[in-house]
>>> print(open('run02.cif').read())   # mmCIF, C-alpha atoms, pLDDT in the B column; chains and numbers go by the auth columns
data_input
loop_
_atom_site.group_PDB
_atom_site.id
_atom_site.type_symbol
_atom_site.label_atom_id
_atom_site.label_comp_id
_atom_site.label_asym_id
_atom_site.label_seq_id
_atom_site.Cartn_x
_atom_site.Cartn_y
_atom_site.Cartn_z
_atom_site.B_iso_or_equiv
_atom_site.auth_seq_id
_atom_site.auth_asym_id
ATOM 1 C CA MET A 1 1.298 -17.446 -16.389 64.00 1 A
ATOM 2 C CA GLU A 2 2.944 -16.020 -19.466 57.00 2 A
ATOM 3 C CA HIS A 3 5.437 -13.187 -19.154 59.00 3 A
ATOM 4 C CA VAL A 4 4.872 -10.426 -21.674 59.00 4 A
ATOM 5 C CA GLY A 5 7.707 -8.015 -20.956 63.00 5 A
ATOM 6 C CA ASP A 6 10.952 -7.705 -19.091 75.00 6 A
ATOM 7 C CA VAL A 7 11.098 -8.330 -15.377 73.00 7 A
ATOM 8 C CA THR A 8 11.540 -4.924 -13.774 85.00 8 A
ATOM 9 C CA ASN A 9 12.206 -6.076 -10.211 94.00 9 A
ATOM 10 C CA GLU A 10 12.063 -9.347 -8.303 96.00 10 A
ATOM 11 C CA MET A 11 12.127 -10.668 -4.735 97.00 11 A
ATOM 12 C CA GLU A 12 11.965 -14.029 -3.013 98.00 12 A
ATOM 13 C CA LEU A 13 10.865 -14.740 0.519 98.00 13 A
ATOM 14 C CA THR A 14 11.051 -18.029 2.447 98.00 14 A
ATOM 15 C CA PHE A 15 9.620 -18.404 5.929 98.00 15 A
ATOM 16 C CA ASP A 16 8.408 -21.027 8.393 97.00 16 A
ATOM 17 C CA SER A 17 4.844 -22.258 7.974 97.00 17 A
ATOM 18 C CA HIS A 18 3.831 -20.697 11.266 95.00 18 A
ATOM 19 C CA SER A 19 0.501 -18.866 11.274 93.00 19 A
ATOM 20 C CA SER A 20 2.097 -15.708 12.718 94.00 20 A
ATOM 21 C CA ASN A 21 4.153 -15.383 9.512 96.00 21 A
ATOM 22 C CA GLU A 22 1.029 -14.878 7.384 96.00 22 A
ATOM 23 C CA ALA A 23 0.903 -11.197 8.387 96.00 23 A
ATOM 24 C CA PHE A 24 4.644 -10.844 7.705 97.00 24 A
ATOM 25 C CA ALA A 25 4.194 -12.261 4.182 98.00 25 A
ATOM 26 C CA ARG A 26 1.205 -10.026 3.477 97.00 26 A
ATOM 27 C CA VAL A 27 3.008 -6.842 4.579 97.00 27 A
ATOM 28 C CA THR A 28 6.234 -7.768 2.744 98.00 28 A
ATOM 29 C CA VAL A 29 4.424 -8.229 -0.581 98.00 29 A
ATOM 30 C CA ALA A 30 2.478 -4.998 0.006 98.00 30 A
ATOM 31 C CA ALA A 31 5.751 -3.128 0.580 97.00 31 A
ATOM 32 C CA PHE A 32 7.278 -4.674 -2.550 98.00 32 A
ATOM 33 C CA MET A 33 4.351 -3.611 -4.734 97.00 33 A
ATOM 34 C CA THR A 34 4.551 0.059 -3.663 96.00 34 A
ATOM 35 C CA GLN A 35 7.055 0.620 -6.491 95.00 35 A
ATOM 36 C CA LEU A 36 4.075 0.308 -8.888 96.00 36 A
ATOM 37 C CA ASN A 37 2.248 3.185 -7.150 95.00 37 A
ATOM 38 C CA PRO A 38 -0.875 1.121 -6.359 96.00 38 A
ATOM 39 C CA THR A 39 -4.157 2.433 -5.023 95.00 39 A
ATOM 40 C CA VAL A 40 -5.106 1.592 -1.435 95.00 40 A
ATOM 41 C CA GLU A 41 -7.699 -0.843 -2.839 96.00 41 A
ATOM 42 C CA GLU A 42 -5.109 -2.620 -5.006 97.00 42 A
ATOM 43 C CA VAL A 43 -2.824 -3.083 -1.998 97.00 43 A
ATOM 44 C CA ALA A 44 -5.747 -4.447 0.038 97.00 44 A
ATOM 45 C CA ASP A 45 -6.661 -6.862 -2.780 97.00 45 A
ATOM 46 C CA VAL A 46 -3.120 -8.231 -3.026 98.00 46 A
ATOM 47 C CA LYS A 47 -2.773 -8.508 0.757 97.00 47 A
ATOM 48 C CA THR A 48 -6.005 -10.532 0.904 95.00 48 A
ATOM 49 C CA ALA A 49 -4.886 -12.855 -1.907 97.00 49 A
ATOM 50 C CA VAL A 50 -1.445 -13.399 -0.323 97.00 50 A
ATOM 51 C CA SER A 51 -3.063 -14.033 3.042 95.00 51 A
ATOM 52 C CA GLU A 52 -5.356 -16.696 1.562 93.00 52 A
ATOM 53 C CA ALA A 53 -2.547 -18.423 -0.376 96.00 53 A
ATOM 54 C CA VAL A 54 -0.192 -18.497 2.620 97.00 54 A
ATOM 55 C CA THR A 55 -2.944 -19.688 4.955 93.00 55 A
ATOM 56 C CA ASN A 56 -3.788 -22.496 2.487 92.00 56 A
ATOM 57 C CA ALA A 57 -0.138 -23.592 2.458 95.00 57 A
ATOM 58 C CA ILE A 58 0.062 -23.632 6.264 94.00 58 A
ATOM 59 C CA ILE A 59 -3.299 -25.238 7.064 89.00 59 A
ATOM 60 C CA HIS A 60 -3.889 -27.494 4.069 88.00 60 A
ATOM 61 C CA GLY A 61 -0.450 -28.001 2.506 92.00 61 A
ATOM 62 C CA TYR A 62 1.456 -28.657 5.683 94.00 62 A
ATOM 63 C CA GLU A 63 -1.481 -29.452 7.982 87.00 63 A
ATOM 64 C CA ASN A 64 0.103 -27.134 10.567 80.00 64 A
ATOM 65 C CA ARG A 65 3.481 -28.945 10.501 92.00 65 A
ATOM 66 C CA ARG A 66 6.497 -26.608 10.547 95.00 66 A
ATOM 67 C CA ARG A 67 7.994 -26.456 7.040 97.00 67 A
ATOM 68 C CA LYS A 68 8.830 -23.654 4.571 98.00 68 A
ATOM 69 C CA VAL A 69 6.523 -21.448 2.501 98.00 69 A
ATOM 70 C CA HIS A 70 8.049 -19.656 -0.497 98.00 70 A
ATOM 71 C CA ILE A 71 6.910 -16.455 -2.156 98.00 71 A
ATOM 72 C CA ARG A 72 8.381 -15.124 -5.347 98.00 72 A
ATOM 73 C CA ALA A 73 7.194 -11.730 -6.573 98.00 73 A
ATOM 74 C CA TRP A 74 8.187 -9.748 -9.616 97.00 74 A
ATOM 75 C CA THR A 75 7.013 -6.816 -11.660 96.00 75 A
ATOM 76 C CA GLU A 76 6.696 -6.420 -15.403 95.00 76 A
ATOM 77 C CA GLY A 77 5.435 -3.050 -16.522 93.00 77 A
ATOM 78 C CA LYS A 78 2.380 -2.333 -14.346 94.00 78 A
ATOM 79 C CA SER A 79 1.798 -5.992 -13.464 96.00 79 A
ATOM 80 C CA LEU A 80 2.648 -7.639 -10.159 97.00 80 A
ATOM 81 C CA TYR A 81 3.223 -11.396 -10.396 98.00 81 A
ATOM 82 C CA LEU A 82 3.186 -13.668 -7.353 98.00 82 A
ATOM 83 C CA GLU A 83 3.986 -17.320 -6.748 98.00 83 A
ATOM 84 C CA VAL A 84 3.203 -18.828 -3.356 98.00 84 A
ATOM 85 C CA SER A 85 4.448 -22.393 -3.030 98.00 85 A
ATOM 86 C CA ASP A 86 4.837 -25.204 -0.541 98.00 86 A
ATOM 87 C CA GLU A 87 6.170 -28.770 -0.599 97.00 87 A
ATOM 88 C CA GLY A 88 3.179 -30.130 1.294 96.00 88 A
ATOM 89 C CA VAL A 89 0.511 -32.751 0.699 95.00 89 A
ATOM 90 C CA GLY A 90 -0.658 -31.274 -2.621 95.00 90 A
ATOM 91 C CA ILE A 91 -4.162 -31.097 -4.008 91.00 91 A
ATOM 92 C CA PRO A 92 -5.605 -34.259 -5.597 88.00 92 A
ATOM 93 C CA ASP A 93 -8.435 -32.439 -7.419 85.00 93 A
ATOM 94 C CA ILE A 94 -7.645 -28.769 -8.109 88.00 94 A
ATOM 95 C CA ARG A 95 -10.982 -28.103 -9.813 85.00 95 A
ATOM 96 C CA LYS A 96 -12.882 -29.402 -6.757 81.00 96 A
ATOM 97 C CA ALA A 97 -10.608 -27.474 -4.359 81.00 97 A
ATOM 98 C CA MET A 98 -11.340 -24.236 -6.228 83.00 98 A
ATOM 99 C CA GLU A 99 -15.128 -24.585 -5.878 78.00 99 A
ATOM 100 C CA PRO A 100 -16.623 -21.974 -3.524 72.00 100 A
ATOM 101 C CA LEU A 101 -17.302 -23.347 -0.027 69.00 101 A
ATOM 102 C CA PHE A 102 -15.220 -26.513 -0.573 66.00 102 A
ATOM 103 C CA THR A 103 -12.892 -27.204 2.348 67.00 103 A
ATOM 104 C CA THR A 104 -10.935 -30.217 3.495 63.00 104 A
ATOM 105 C CA ARG A 105 -10.810 -28.872 7.056 67.00 105 A
ATOM 106 C CA PRO A 106 -14.402 -28.052 8.140 63.00 106 A
ATOM 107 C CA GLU A 107 -13.491 -28.848 11.751 65.00 107 A
ATOM 108 C CA LEU A 108 -11.331 -25.714 11.726 62.00 108 A
ATOM 109 C CA GLU A 109 -14.312 -23.646 10.585 58.00 109 A
ATOM 110 C CA ARG A 110 -12.624 -22.918 7.265 59.00 110 A
ATOM 111 C CA SER A 111 -14.967 -21.114 4.882 62.00 111 A
ATOM 112 C CA GLY A 112 -13.751 -22.776 1.697 64.00 112 A
ATOM 113 C CA MET A 113 -13.537 -19.371 0.019 69.00 113 A
ATOM 114 C CA GLY A 114 -9.736 -18.992 -0.230 77.00 114 A
ATOM 115 C CA PHE A 115 -9.420 -19.634 -3.966 85.00 115 A
ATOM 116 C CA SER A 116 -12.623 -17.671 -4.645 85.00 116 A
ATOM 117 C CA PHE A 117 -11.145 -14.659 -2.849 85.00 117 A
ATOM 118 C CA MET A 118 -7.876 -14.996 -4.761 93.00 118 A
ATOM 119 C CA GLU A 119 -9.793 -15.115 -8.054 91.00 119 A
ATOM 120 C CA ALA A 120 -11.948 -12.130 -7.098 91.00 120 A
ATOM 121 C CA PHE A 121 -9.075 -9.894 -5.978 95.00 121 A
ATOM 122 C CA MET A 122 -6.473 -10.762 -8.618 97.00 122 A
ATOM 123 C CA ASP A 123 -6.589 -10.495 -12.421 97.00 123 A
ATOM 124 C CA GLU A 124 -5.238 -14.002 -13.033 97.00 124 A
ATOM 125 C CA LEU A 125 -4.984 -17.123 -10.911 96.00 125 A
ATOM 126 C CA GLU A 126 -3.391 -20.483 -11.715 97.00 126 A
ATOM 127 C CA VAL A 127 -2.961 -23.400 -9.343 96.00 127 A
ATOM 128 C CA GLU A 128 -0.482 -26.196 -9.971 97.00 128 A
ATOM 129 C CA SER A 129 -0.288 -29.107 -7.574 96.00 129 A
ATOM 130 C CA GLU A 130 0.918 -32.669 -7.309 95.00 130 A
ATOM 131 C CA PRO A 131 -0.202 -34.909 -4.431 95.00 131 A
ATOM 132 C CA GLY A 132 2.715 -35.555 -2.098 95.00 132 A
ATOM 133 C CA ARG A 133 4.884 -32.877 -3.746 96.00 133 A
ATOM 134 C CA GLY A 134 3.197 -29.576 -3.006 97.00 134 A
ATOM 135 C CA THR A 135 1.288 -26.696 -4.532 97.00 135 A
ATOM 136 C CA THR A 136 2.151 -23.472 -6.344 98.00 136 A
ATOM 137 C CA VAL A 137 -0.392 -20.667 -6.630 97.00 137 A
ATOM 138 C CA ARG A 138 0.410 -18.124 -9.358 98.00 138 A
ATOM 139 C CA MET A 139 -1.352 -14.766 -9.430 98.00 139 A
ATOM 140 C CA ARG A 140 -1.164 -11.544 -11.414 98.00 140 A
ATOM 141 C CA LYS A 141 -2.494 -8.112 -10.553 98.00 141 A
ATOM 142 C CA GLU A 142 -2.542 -5.199 -13.015 96.00 142 A
ATOM 143 C CA VAL A 143 -1.727 -2.136 -10.913 96.00 143 A
ATOM 144 C CA GLY A 144 -2.917 1.384 -11.609 86.00 144 A
ATOM 145 C CA ARG A 145 -6.113 0.678 -13.523 73.00 145 A
ATOM 146 C CA GLY A 146 -8.265 2.113 -10.743 60.00 146 A
ATOM 147 C CA ARG A 147 -6.113 5.241 -10.631 61.00 147 A
ATOM 148 C CA ASP A 148 -6.289 5.649 -14.435 56.00 148 A
ATOM 149 C CA LEU A 149 -10.069 5.338 -14.335 56.00 149 A
ATOM 150 C CA TRP A 150 -10.331 7.892 -11.531 52.00 150 A
ATOM 151 C CA THR A 151 -8.069 10.352 -13.381 52.00 151 A
ATOM 152 C CA THR A 152 -10.092 10.013 -16.587 51.00 152 A
ATOM 153 C CA GLN A 153 -13.400 10.493 -14.774 53.00 153 A
ATOM 154 C CA SER A 154 -12.216 13.535 -12.850 51.00 154 A
ATOM 155 C CA LEU A 155 -11.181 15.469 -15.995 54.00 155 A
#
>>> encode(input="run02.cif", output="structure tokens")
Amino acid sequence: MEHVGDVTNEMELTFDSHSSNEAFARVTVAAFMTQLNPTVEEVADVKTAVSEAVTNAIIHGYENRRRKVHIRAWTEGKSLYLEVSDEGVGIPDIRKAMEPLFTTRPELERSGMGFSFMEAFMDELEVESEPGRGTTVRMRKEVGRGRDLWTTQSL
């Protein structure tokens, strides 16, 4: 994901790949993005995308083994950038993994919609992975567009 401006603010978060930490990660990123004055919908979108990326790392990347999940977030202008990474099993075929309804863990009743949700709720999504070395999910969300539209329409 190409950076277009100067990084305004940045944070990094590392936590155990325990399912209870998914909510912690989601709320932490939501708190970080408040500096951009997001709409309620934008916060909900980002929380959903973070939740999906972290859950993928825990369930698929680490197959529920206790390791570390890393989140890096930064702002540039009105854009929020996120990287969620693990050092897990990796994804052999990223294109296949990103297909709606594809899951490697059907026994866990996984919907296979994680990447589809991330794509739907964020403005950009990139996935980089190497089998045996892990996966990094990069996302960008332009914040404030909904508010600008509302302001223009209400004039």
>>> resolve_selection(input="run02.cif", expression="the PyMOL selection byres ((chain A and resi 119-135) around 8)", output="NGL selection string")
:A and (1 or 45-46 or 48-49 or 57 or 61 or 85-92 or 94 or 115-118 or 136-142)
>>> closest_residue(input="run02.cif", among="A:Ser19, A:Gln35, A:Thr28, A:Ser79", to="Asn64 of chain A", atoms="all atoms listed in the file")
A:Ser19
>>> resolve_selection(input="run02.cif", expression="the PyMOL selection byres ((chain A and resi 73) around 7)", output="PyMOL selection string")
chain A and resi 10-12+71-72+74+81-83
>>> write_last_selection(input="run02.cif", atoms="C-alpha atoms", output="tab-separated table (two decimals), keeping the file's coordinate frame")
chain	number	residue	atom	x	y	z
A	10	GLU	CA	12.06	-9.35	-8.30
A	11	MET	CA	12.13	-10.67	-4.74
A	12	GLU	CA	11.96	-14.03	-3.01
A	71	ILE	CA	6.91	-16.45	-2.16
A	72	ARG	CA	8.38	-15.12	-5.35
A	74	TRP	CA	8.19	-9.75	-9.62
A	81	TYR	CA	3.22	-11.40	-10.40
A	82	LEU	CA	3.19	-13.67	-7.35
A	83	GLU	CA	3.99	-17.32	-6.75
>>> closest_residue(input="run02.cif", among="A:Thr39, A:Asn9, A:Thr34, A:Ser20", to="Arg66 of chain A", atoms="all atoms listed in the file")
A:Ser20
>>> atom_distance(input="run02.cif", atom1="atom CA of Gly114 of chain A", atom2="atom CA of Thr8 of chain A")
28.9 Å
>>> atom_distance(input="run02.cif", atom1="atom CA of Val143 of chain A", atom2="atom CA of Asn37 of chain A")
7.6 Å
>>> residues_around(input="run02.cif", residues="Asn21 of chain A", least_positions_apart="3", cutoff="12 Å", atoms="all atoms listed in the file", output="number ranges by chain")
A: 13-18, 24-28, 50-51, 54-55, 57-58, 66-70
>>> closest_residue(input="run02.cif", among="A:Leu80, A:Val7, A:Arg65, A:Asn56", to="Phe32 of chain A", atoms="all atoms listed in the file")
A:Leu80
>>> atom_distance(input="run02.cif", atom1="atom CA of Glu22 of chain A", atom2="atom CA of Glu99 of chain A")
23.0 Å
>>> residues_around(input="run02.cif", residues="Val43 of chain A", least_positions_apart="5", cutoff="8 Å", atoms="all atoms listed in the file", output="NGL selection string")
:A and (30 or 33 or 38)
